[in-house]
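Heads up, upload06.txt below (compact mmCIF, C-alpha atoms):
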```
# COMPACT_ATOMS: atom_id res chain seq x y z
CA MET A 221 45.31 0.63 13.81
CA ALA A 222 43.11 -2.24 12.60
CA GLU A 223 44.33 -4.38 15.47
CA LEU A 224 43.32 -1.67 17.93
CA LEU A 225 39.84 -1.47 16.40
CA SER A 226 39.34 -5.23 16.64
CA MET A 227 40.27 -5.41 20.32
CA ASP A 228 37.88 -6.90 22.88
CA LEU A 229 35.44 -4.20 23.95
CA SER A 230 34.30 -6.01 27.11
CA PHE A 231 36.40 -3.57 29.15
CA PHE A 232 34.07 -0.79 28.01
CA GLY A 233 30.89 -2.49 29.20
CA GLY A 234 30.64 -5.24 26.56
CA ASP A 235 29.98 -7.99 29.10
CA LYS A 236 26.35 -9.09 28.97
CA THR A 237 25.40 -8.57 32.60
CA GLU A 238 22.00 -6.88 32.22
CA LYS A 239 18.62 -8.55 31.85
CA ALA A 240 16.97 -8.24 28.46
CA THR A 241 14.70 -5.24 28.02
CA PRO A 242 11.03 -5.69 27.04
CA LYS A 243 11.89 -4.42 23.56
CA LYS A 244 14.54 -7.08 23.00
CA LYS A 245 12.27 -9.80 24.41
CA SER A 246 9.48 -8.69 22.07
CA LYS A 247 11.84 -8.69 19.08
CA ALA A 248 13.17 -12.14 19.96
CA ARG A 249 9.63 -13.44 20.33
CA SER A 250 8.65 -12.05 16.92
CA GLU A 251 11.61 -13.98 15.47
CA GLY A 252 10.50 -17.21 17.13
CA GLN A 253 13.11 -17.14 19.90
CA VAL A 254 11.16 -18.28 22.96
CA ALA A 255 11.79 -20.64 25.86
CA ARG A 256 10.36 -23.92 24.66
CA SER A 257 10.92 -27.54 25.63
CA GLN A 258 10.05 -30.26 23.14
CA GLU A 259 9.96 -32.67 26.05
CA ILE A 260 6.82 -31.01 27.43
CA GLY A 261 4.79 -31.94 24.36
CA THR A 262 6.25 -35.45 24.21
CA ALA A 263 5.62 -36.13 27.88
CA LEU A 264 2.05 -34.81 27.88
CA LEU A 265 1.23 -36.67 24.69
CA PHE A 266 2.71 -39.93 26.03
CA LEU A 267 0.93 -39.69 29.37
CA GLY A 268 -2.33 -38.41 27.88
CA MET A 269 -2.55 -41.07 25.19
CA PHE A 270 -2.08 -43.95 27.61
CA THR A 271 -4.56 -42.38 30.04
CA ALA A 272 -7.07 -42.00 27.21
CA MET A 273 -6.47 -45.60 26.15
CA LYS A 274 -7.21 -46.77 29.69
CA ALA A 275 -10.44 -44.77 29.69
CA PHE A 276 -11.65 -45.59 26.16
CA ALA A 277 -10.17 -49.07 25.64
CA PRO A 278 -13.31 -51.09 26.57
CA SER A 279 -15.63 -49.14 24.25
CA MET A 280 -13.01 -49.07 21.47
CA ILE A 281 -12.53 -52.86 21.65
CA ASP A 282 -16.29 -53.41 21.55
CA SER A 283 -16.62 -51.14 18.51
CA LEU A 284 -13.74 -52.86 16.71
CA MET A 285 -15.17 -56.30 17.43
CA GLU A 286 -18.55 -55.20 16.09
CA LEU A 287 -16.88 -53.84 12.97
CA PHE A 288 -14.88 -57.06 12.62
CA ARG A 289 -18.01 -59.19 12.87
CA PHE A 290 -19.76 -57.00 10.30
CA GLY A 291 -16.79 -57.34 7.95
CA ILE A 292 -16.69 -61.14 8.29
CA GLY A 293 -20.39 -61.28 7.51
CA GLN A 294 -19.94 -59.16 4.41
CA VAL A 295 -16.96 -61.16 3.16
CA GLY A 296 -19.01 -64.33 3.41
CA ASP A 297 -21.52 -62.90 0.98
CA VAL A 298 -20.08 -63.64 -2.48
CA ALA A 299 -22.52 -61.33 -4.25
CA VAL A 300 -21.36 -58.39 -2.12
CA VAL A 301 -17.65 -59.09 -2.48
CA PHE A 302 -17.73 -59.18 -6.26
CA ASP A 303 -20.20 -56.31 -6.68
CA ILE A 304 -18.16 -53.58 -8.38
CA ASN A 305 -20.51 -50.86 -7.12
CA TYR A 306 -20.85 -52.00 -3.52
CA ALA A 307 -17.23 -52.96 -2.74
CA PRO A 308 -15.83 -49.34 -2.77
CA ARG A 309 -18.65 -48.20 -0.49
CA LEU A 310 -17.87 -51.09 1.87
CA VAL A 311 -14.19 -50.14 2.07
CA THR A 312 -15.12 -46.50 2.68
CA HIS A 313 -17.49 -47.60 5.43
CA PHE A 314 -14.69 -49.58 7.14
CA PHE A 315 -12.29 -46.63 7.05
CA ALA A 316 -14.94 -44.22 8.37
CA GLN A 317 -15.86 -46.52 11.24
CA ALA A 318 -12.21 -47.11 12.12
CA LEU A 319 -11.68 -43.35 12.16
CA LEU A 320 -14.65 -42.91 14.50
CA VAL A 321 -13.23 -45.55 16.84
CA ALA A 322 -9.86 -43.77 16.92
CA ALA A 323 -11.45 -40.28 17.18
CA PRO A 324 -11.14 -39.99 21.00
CA LEU A 325 -7.41 -40.73 20.86
CA LEU A 326 -6.90 -38.32 17.95
CA ALA A 327 -8.82 -35.59 19.77
CA VAL A 328 -6.73 -36.10 22.93
CA ALA A 329 -3.51 -35.94 20.87
CA LEU A 330 -4.62 -32.71 19.16
CA VAL A 331 -5.69 -30.99 22.38
CA LEU A 332 -2.54 -31.99 24.27
CA GLY A 333 -0.29 -30.91 21.40
CA LEU A 334 -1.91 -27.47 21.28
CA ALA A 335 -1.99 -27.14 25.07
CA ALA A 336 1.72 -27.98 25.39
CA ASN A 337 2.69 -25.20 22.98
CA LEU A 338 0.21 -22.59 24.20
CA ALA A 339 1.21 -23.17 27.83
CA GLN A 340 4.85 -22.46 27.00
CA THR A 341 4.72 -19.71 24.39
CA GLY A 342 1.11 -18.57 24.11
CA TRP A 343 -0.42 -17.85 20.72
CA GLN A 344 2.47 -16.96 18.44
CA VAL A 345 2.68 -16.67 14.65
CA THR A 346 6.21 -16.28 13.27
CA PRO A 347 6.08 -15.98 9.46
CA ASN A 348 9.80 -15.15 9.43
CA LEU A 349 10.58 -18.78 10.24
CA LEU A 350 8.65 -20.07 7.24
CA GLY A 351 11.28 -18.93 4.78
CA ALA A 352 14.25 -21.12 3.95
CA LYS A 353 17.60 -20.17 5.44
CA LEU A 354 20.60 -21.30 3.42
CA GLY A 355 22.81 -20.96 6.50
CA ARG A 356 21.16 -24.02 7.97
CA LEU A 357 22.52 -26.07 5.05
CA ASN A 358 26.11 -25.14 5.87
CA PRO A 359 27.93 -28.40 6.78
CA ILE A 360 30.39 -26.57 9.05
CA SER A 361 27.55 -25.05 11.07
CA GLY A 362 25.91 -28.47 11.16
CA MET A 363 29.06 -30.02 12.64
CA LYS A 364 29.19 -27.26 15.25
CA ARG A 365 25.59 -27.94 16.25
CA LEU A 366 26.33 -31.67 16.36
CA PHE A 367 29.02 -31.19 19.02
CA SER A 368 27.39 -28.27 20.83
CA PRO A 369 26.30 -28.27 24.51
CA GLN A 370 22.69 -28.42 23.29
CA SER A 371 23.41 -31.70 21.48
CA LEU A 372 25.03 -33.08 24.63
CA LEU A 373 21.95 -32.11 26.63
CA THR A 374 19.70 -33.82 24.07
CA LEU A 375 21.82 -36.98 24.36
CA LEU A 376 21.59 -36.91 28.16
CA LYS A 377 17.81 -36.49 27.99
CA SER A 378 17.53 -39.44 25.61
CA LEU A 379 19.64 -41.60 27.91
CA ALA A 380 17.53 -40.52 30.89
CA LYS A 381 14.33 -41.45 29.06
CA PHE A 382 15.70 -44.85 28.08
CA GLY A 383 16.79 -45.39 31.67
CA VAL A 384 13.33 -44.47 32.94
CA ILE A 385 11.63 -46.80 30.47
CA GLY A 386 13.94 -49.67 31.42
CA ALA A 387 13.54 -49.10 35.15
CA VAL A 388 9.74 -48.86 34.97
CA ILE A 389 9.38 -51.97 32.83
CA TYR A 390 11.75 -53.93 35.06
CA ASN A 391 9.96 -52.93 38.30
CA MET A 392 6.46 -53.58 36.97
CA LEU A 393 7.37 -56.94 35.41
CA ARG A 394 9.06 -57.95 38.63
CA GLU A 395 5.86 -57.17 40.56
CA LYS A 396 3.67 -59.03 38.03
CA LEU A 397 6.07 -61.89 37.44
CA GLU A 398 3.90 -64.41 39.28
CA ILE A 399 0.86 -63.83 37.03
CA LEU A 400 2.66 -64.14 33.68
CA PRO A 401 2.95 -67.98 33.65
CA GLY A 402 -0.77 -68.23 34.41
CA LEU A 403 -1.68 -66.43 31.18
CA ALA A 404 -1.23 -69.68 29.28
CA GLU A 405 -4.14 -71.20 31.19
CA VAL A 406 -6.73 -68.45 30.55
CA GLU A 407 -8.72 -67.72 27.44
CA LEU A 408 -7.17 -65.70 24.64
CA TRP A 409 -9.26 -62.56 25.13
CA GLU A 410 -8.82 -62.59 28.90
CA GLY A 411 -5.05 -62.95 28.56
CA ALA A 412 -4.95 -60.19 25.96
CA GLY A 413 -6.91 -57.93 28.33
CA ILE A 414 -4.49 -58.60 31.19
CA LEU A 415 -1.46 -57.87 28.99
CA GLY A 416 -3.11 -54.78 27.55
CA SER A 417 -3.92 -53.43 31.01
CA LEU A 418 -0.32 -54.09 32.10
CA MET A 419 1.07 -52.24 29.07
CA ILE A 420 -1.23 -49.26 29.63
CA ASP A 421 -0.19 -49.04 33.30
CA MET A 422 3.44 -49.17 32.20
CA GLY A 423 2.82 -46.37 29.70
CA MET A 424 1.13 -44.17 32.29
CA ASN A 425 3.94 -44.75 34.76
CA VAL A 426 6.57 -43.95 32.13
CA GLY A 427 4.58 -40.87 31.10
CA GLY A 428 4.59 -39.57 34.66
CA TRP A 429 8.37 -39.79 34.79
CA PHE A 430 8.61 -38.16 31.37
CA VAL A 431 6.62 -35.20 32.72
CA ALA A 432 9.16 -34.77 35.54
CA ILE A 433 12.02 -34.82 33.02
CA ALA A 434 10.14 -32.33 30.82
CA VAL A 435 9.62 -29.87 33.70
CA LEU A 436 13.35 -29.91 34.48
CA ASP A 437 14.16 -29.46 30.80
CA TYR A 438 11.76 -26.51 30.49
CA ALA A 439 13.36 -24.85 33.52
CA TYR A 440 16.76 -25.23 31.87
CA GLN A 441 15.50 -23.99 28.50
CA ARG A 442 14.00 -20.90 30.16
CA TYR A 443 17.26 -20.20 32.01
CA SER A 444 19.29 -20.71 28.82
CA HIS A 445 16.93 -18.47 26.80
CA ASN A 446 17.10 -15.62 29.33
CA LYS A 447 20.87 -15.91 29.50
CA LYS A 448 21.13 -15.80 25.70
CA LEU A 449 19.06 -12.59 25.60
CA MET A 450 21.14 -10.77 28.24
CA MET A 451 22.53 -7.41 27.18
CA SER A 452 25.58 -5.35 27.96
CA LYS A 453 25.22 -2.03 29.73
CA GLN A 454 26.18 -0.28 26.51
CA GLU A 455 23.38 -2.04 24.60
CA VAL A 456 20.85 -0.98 27.24
CA LYS A 457 22.04 2.63 26.99
CA GLU A 458 21.88 2.60 23.18
CA GLU A 459 18.36 1.20 23.24
CA ALA A 460 17.26 3.86 25.73
CA LYS A 461 18.78 6.59 23.54
CA GLN A 462 16.98 5.27 20.48
CA ALA A 463 13.68 5.22 22.36
CA GLU A 464 14.18 8.73 23.72
CA GLY A 465 15.26 10.01 20.32
CA ASN A 466 12.18 8.71 18.56
CA PRO A 467 9.97 11.72 17.71
CA GLN A 468 6.84 9.61 17.97
CA VAL A 469 7.81 8.40 21.44
CA LYS A 470 8.58 11.94 22.55
CA GLY A 471 5.32 13.18 21.10
CA LYS A 472 3.34 10.50 22.90
CA ILE A 473 5.10 11.29 26.19
CA ARG A 474 4.37 15.01 25.85
CA SER A 475 0.77 14.27 24.91
CA LYS A 476 0.30 12.04 27.95
CA MET A 477 1.85 14.68 30.21
CA ARG A 478 -0.43 17.40 28.80
CA GLU A 479 -3.49 15.20 29.26
CA ALA A 480 -2.53 14.43 32.88
CA SER A 481 -1.86 18.10 33.61
CA MET A 482 -5.15 19.10 32.02
CA ARG A 483 -7.09 16.55 34.10
CA ARG A 484 -5.46 17.78 37.31
CA MET A 485 -6.17 21.40 36.44
CA MET A 486 -9.81 20.84 35.48
CA SER A 487 -10.42 18.78 38.63
CA ALA A 488 -9.31 21.83 40.69
CA VAL A 489 -11.88 24.19 39.11
CA PRO A 490 -14.86 23.08 41.28
CA HIS A 491 -12.81 23.84 44.41
CA ALA A 492 -11.93 27.40 43.38
CA ASP A 493 -13.32 30.45 45.16
CA VAL A 494 -13.73 32.56 42.02
CA ILE A 495 -13.05 32.50 38.27
CA ILE A 496 -11.62 35.75 36.84
CA THR A 497 -12.51 36.11 33.13
CA ASN A 498 -11.73 38.43 30.20
CA PRO A 499 -14.64 37.41 29.49
CA THR A 500 -14.08 35.50 26.21
CA HIS A 501 -10.30 35.07 25.86
CA TYR A 502 -8.96 34.35 29.36
CA ALA A 503 -10.10 32.53 32.48
CA CYS A 504 -8.15 32.05 35.72
CA ALA A 505 -9.33 30.10 38.77
CA LEU A 506 -8.31 31.41 42.20
CA GLU A 507 -8.40 29.51 45.49
CA TYR A 508 -7.71 31.07 48.87
CA ASP A 509 -6.97 29.09 52.02
CA ARG A 510 -8.53 31.31 54.70
CA GLU A 511 -7.25 29.16 57.54
CA GLY A 512 -3.73 28.54 56.27
CA GLY A 513 -3.06 32.10 55.26
CA GLY A 514 -0.73 33.08 52.47
CA ALA A 515 -1.75 34.56 49.15
CA PRO A 516 -4.44 33.21 46.82
CA ILE A 517 -3.28 30.54 44.36
CA VAL A 518 -4.04 30.19 40.65
CA THR A 519 -5.31 26.61 40.40
CA ALA A 520 -6.29 26.71 36.70
CA LYS A 521 -5.95 29.03 33.74
CA GLY A 522 -6.59 28.99 30.02
CA MET A 523 -7.42 31.01 26.97
CA ASP A 524 -10.03 30.72 24.22
CA HIS A 525 -11.37 27.15 24.09
CA LEU A 526 -9.78 26.15 27.39
CA ALA A 527 -11.11 29.33 29.00
CA ARG A 528 -14.62 28.34 27.94
CA ARG A 529 -14.13 24.86 29.40
CA ILE A 530 -13.02 26.35 32.73
CA LYS A 531 -16.05 28.66 32.85
CA ASP A 532 -18.43 25.84 31.97
CA ALA A 533 -16.94 23.62 34.68
CA ALA A 534 -17.18 26.48 37.19
CA LYS A 535 -20.82 27.16 36.38
CA ALA A 536 -21.64 23.46 36.66
CA ALA A 537 -20.02 23.39 40.11
CA GLY A 538 -21.59 26.65 41.28
CA VAL A 539 -18.30 28.59 41.42
CA PHE A 540 -18.63 32.40 41.18
CA VAL A 541 -17.44 33.81 37.80
CA HIS A 542 -16.29 37.48 37.83
CA GLU A 543 -15.41 39.55 34.78
CA ASP A 544 -12.27 41.71 35.02
CA LYS A 545 -10.37 42.06 31.73
CA GLU A 546 -7.17 43.63 33.02
CA LEU A 547 -6.85 41.34 36.05
CA ALA A 548 -7.60 38.23 33.96
CA ARG A 549 -4.83 39.11 31.48
CA ALA A 550 -2.41 39.91 34.30
CA LEU A 551 -3.08 36.67 36.14
CA TYR A 552 -2.72 34.63 32.94
CA SER A 553 0.60 36.20 31.93
CA MET A 554 2.22 36.61 35.38
CA VAL A 555 1.21 33.51 37.40
CA GLU A 556 1.72 29.83 36.62
CA VAL A 557 -0.77 27.18 37.75
CA GLY A 558 -0.09 26.25 41.36
CA ASP A 559 1.71 29.52 42.22
CA GLU A 560 0.61 32.37 44.50
CA ILE A 561 -0.37 35.69 42.99
CA PRO A 562 2.31 38.45 43.14
CA PRO A 563 2.02 41.30 45.70
CA GLU A 564 1.06 43.86 43.04
CA LEU A 565 -2.19 41.97 42.46
CA TYR A 566 -3.13 41.60 46.15
CA GLN A 567 -5.41 44.63 46.26
CA ALA A 568 -7.40 43.80 43.13
CA VAL A 569 -7.85 40.14 44.09
CA ALA A 570 -8.74 41.01 47.71
CA GLU A 571 -11.55 43.30 46.55
CA ILE A 572 -12.99 40.58 44.31
CA LEU A 573 -12.74 37.92 47.03
CA ALA A 574 -14.43 40.28 49.49
CA PHE A 575 -17.24 40.78 47.02
CA VAL A 576 -17.55 36.99 46.47
CA TYR A 577 -17.66 36.29 50.21
CA ARG A 578 -20.31 38.97 50.68
CA MET A 579 -22.35 37.39 47.95
CA LYS A 580 -22.02 34.02 49.71
CA GLY A 581 -22.90 35.62 53.03
CA THR A 582 -19.65 34.53 54.75
CA GLY A 583 -17.87 37.82 55.07
CA MET A 584 -14.18 38.62 54.40
CA PRO A 585 -11.89 36.52 56.62
CA GLY A 586 -9.43 38.23 58.91
CA ARG A 587 -5.69 37.82 58.52
```
Encoded form using structure tokens:
Amino acid sequence: MAELLSMDLSFFGGDKTEKATPKKKSKARSEGQVARSQEIGTALLFLGMFTAMKAFAPSMIDSLMELFRFGIGQVGDVAVVFDINYAPRLVTHFFAQALLVAAPLLAVALVLGLAANLAQTGWQVTPNLLGAKLGRLNPISGMKRLFSPQSLLTLLKSLAKFGVIGAVIYNMLREKLEILPGLAEVELWEGAGILGSLMIDMGMNVGGWFVAIAVLDYAYQRYSHNKKLMMSKQEVKEEAKQAEGNPQVKGKIRSKMREASMRRMMSAVPHADVIITNPTHYACALEYDREGGGAPIVTAKGMDHLARRIKDAAKAAGVFVHEDKELARALYSMVEVGDEIPPELYQAVAEILAFVYRMKGTGMPGR
């Protein structure tokens, strides 16, 4: 019997062939399971930093040289160097100035790091991931992750990045090969500037290729994530049953339906021909299509508070309100909204409509 219970249930709809429902996606997101590529952040940071260096390098070098000259001048002053009160302030000044020089690069790194994550996952706080999970310390699970398809993909990405770096460096050095021997004949700072510019161009070129690799990796991660979240038909059915069985969900659905029905009914009151009232307990709105024929239709009805709302809406729209206690009770109990009145009420309703038409000066229409 136990063997029968442990059999593969895929025959009964266990195969995960259905797309994940919004509920499952939301649950996975709350647990930190989202499509994310680490390569996106690395590529943007790599490309952005070298681009920022190309933009800010001249001003940064000037600032560092100014700081260097200031430091040399201070070191030459023996009284300053050995002043126990001034020396700490001098060191603090150097660190603060160095931080200001590096501030543009730090700001670019911070913005790109945040942008890479927000672009992929949006703003997401997952406190569940902050707790330690002892399962991650299991050596057997660690060995499985080491030889998993994900590890193989990571290895292939690393090899691709190394290949890109090698190819870019080789191509750019081959193009600049003729200028390298001439660096020995130029001044130190000029040669350093040429080499620095070459390295920055290499970094930007490598960063562009890294972005292409990152886009492909993100596409794969998104595909893999969606595939991992797929559900079986049975899981979809169970989730739907749970949602339908939730009293709160049912209550909200009924409430929404009542609100929609009420709005439709109240919007029909201004188009009615007459409102039959009790006068305080019941109110029924009647509409008669004189051209289409047929019997008059009850377009709205209510009792107590709703009856007062119907009468107020009718008065605001200029609809005639007629008091008839017996007819109002009969219409309320016998006719649903949207239905024609029964034959036994034809005579009473016809007399009231005739009176209303006379009051409007239109006369009773012929049949």
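We find atom CA of A:Leu565 and atom CA of A:Ala534 to be spaced 22.2 Å apart.
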statement: Min atom-atom distance to A:Ala316 from the set A:Leu287, A:Asn337, A:Leu418, A:Leu449, counting only C-alpha atoms, belongs to A:Leu287
- request: Pick out the residues sitting within 10 Å of A:Lys377, and hand them over as a list of chain:residue names; count all atoms listed in the file, and ignore anything fewer than 4 positions along from it in its own chain.
  value: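 What passes the distance filter is A:Glu259, A:Ser371, A:Leu372, A:Leu373, A:Lys381, A:Phe382, A:Gly383, A:Phe430, A:Ile433, A:Ala434, A:Asp437.
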Once you have the residues from the selection above, write them out as a compact mmCIF listing (two decimals), in the frame of the given file, restricted to C-alpha atoms.
```txt
# COMPACT_ATOMS: atom_id res chain seq x y z
CA GLU A 259 9.96 -32.67 26.05
CA SER A 371 23.41 -31.70 21.48
CA LEU A 372 25.03 -33.08 24.63
CA LEU A 373 21.95 -32.11 26.63
CA LYS A 381 14.33 -41.45 29.06
CA PHE A 382 15.70 -44.85 28.08
CA GLY A 383 16.79 -45.39 31.67
CA PHE A 430 8.61 -38.16 31.37
CA ILE A 433 12.02 -34.82 33.02
CA ALA A 434 10.14 -32.33 30.82
CA ASP A 437 14.16 -29.46 30.80
```
query: In Å, with one decimal, what is the gap from atom CA of A:Ala335 to atom CA of A:Phe315?
result: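 One can read the atom CA of A:Ala335 to atom CA of A:Phe315 distance as 28.5 Å.
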field: Gap from atom CA of A:Ile260 to atom CA of A:Met419 - Å, one decimal
entry: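 Value for the atom CA of A:Ile260-atom CA of A:Met419 distance: 22.1 Å.
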message: So that I can check the surroundings of A:Asp559, please list as number ranges by chain every protein, DNA and RNA residue that reaches within 7 Å of it, counting all atoms listed in the file and ignoring chain neighbours fewer than 4 positions away.
response: A: 517-518, 555
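Of the listed residues (A:Gly423, A:Gly386, A:Leu379, A:Met392), A:Gly423 comes nearest to A:Met269; the distances count only C-alpha atoms.
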Nearby residues (all atoms listed in the file) at most 6 Å from stretch 233-250 of chain A, same-chain spacing under 4 positions excluded, as number ranges by chain: A: 229, 254, 449-454
message: Using only C-alpha atoms for the distances, tell me which of A:Lys470, A:Lys531, A:His501, A:Lys461 is nearest to A:Met486.
response: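 Counting only C-alpha atoms, the residue closest to A:Met486 is A:Lys531.
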query: Which polymer residues have any atom within 12 Å of an atom of A:Met554, counting only C-alpha atoms, with same-chain residues fewer than 6 positions away left out, as a ChimeraX atom specification?
result: /A:504,518,521,546-548,560-565
query: Of the candidates A:Val569, A:Ala527, A:Leu506, A:Ala336, which one gets nearest to A:Val557 if we count all atoms listed in the file?
result: A:Leu506
query: For the point (7.4, -58.1, 28.6) in file coordinates, what residues are within 9 Å, counting only C-alpha atoms? Give the answer as a PyMOL selection string?
result: chain A and resi 389-390+393+415+419
task: Pick out the closest residue to A:Ala515 from this set: A:Tyr438, A:Tyr502, A:Tyr566, A:Tyr443. Count all atoms listed in the file.
output: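 Among the listed residues, the smallest separation from A:Ala515 belongs to A:Tyr566.
Counting all atoms listed in the file and comparing A:Met422, A:Ala537, A:Leu375, A:Ala412, the residue that lies closest to A:Glu395 is A:Met422.
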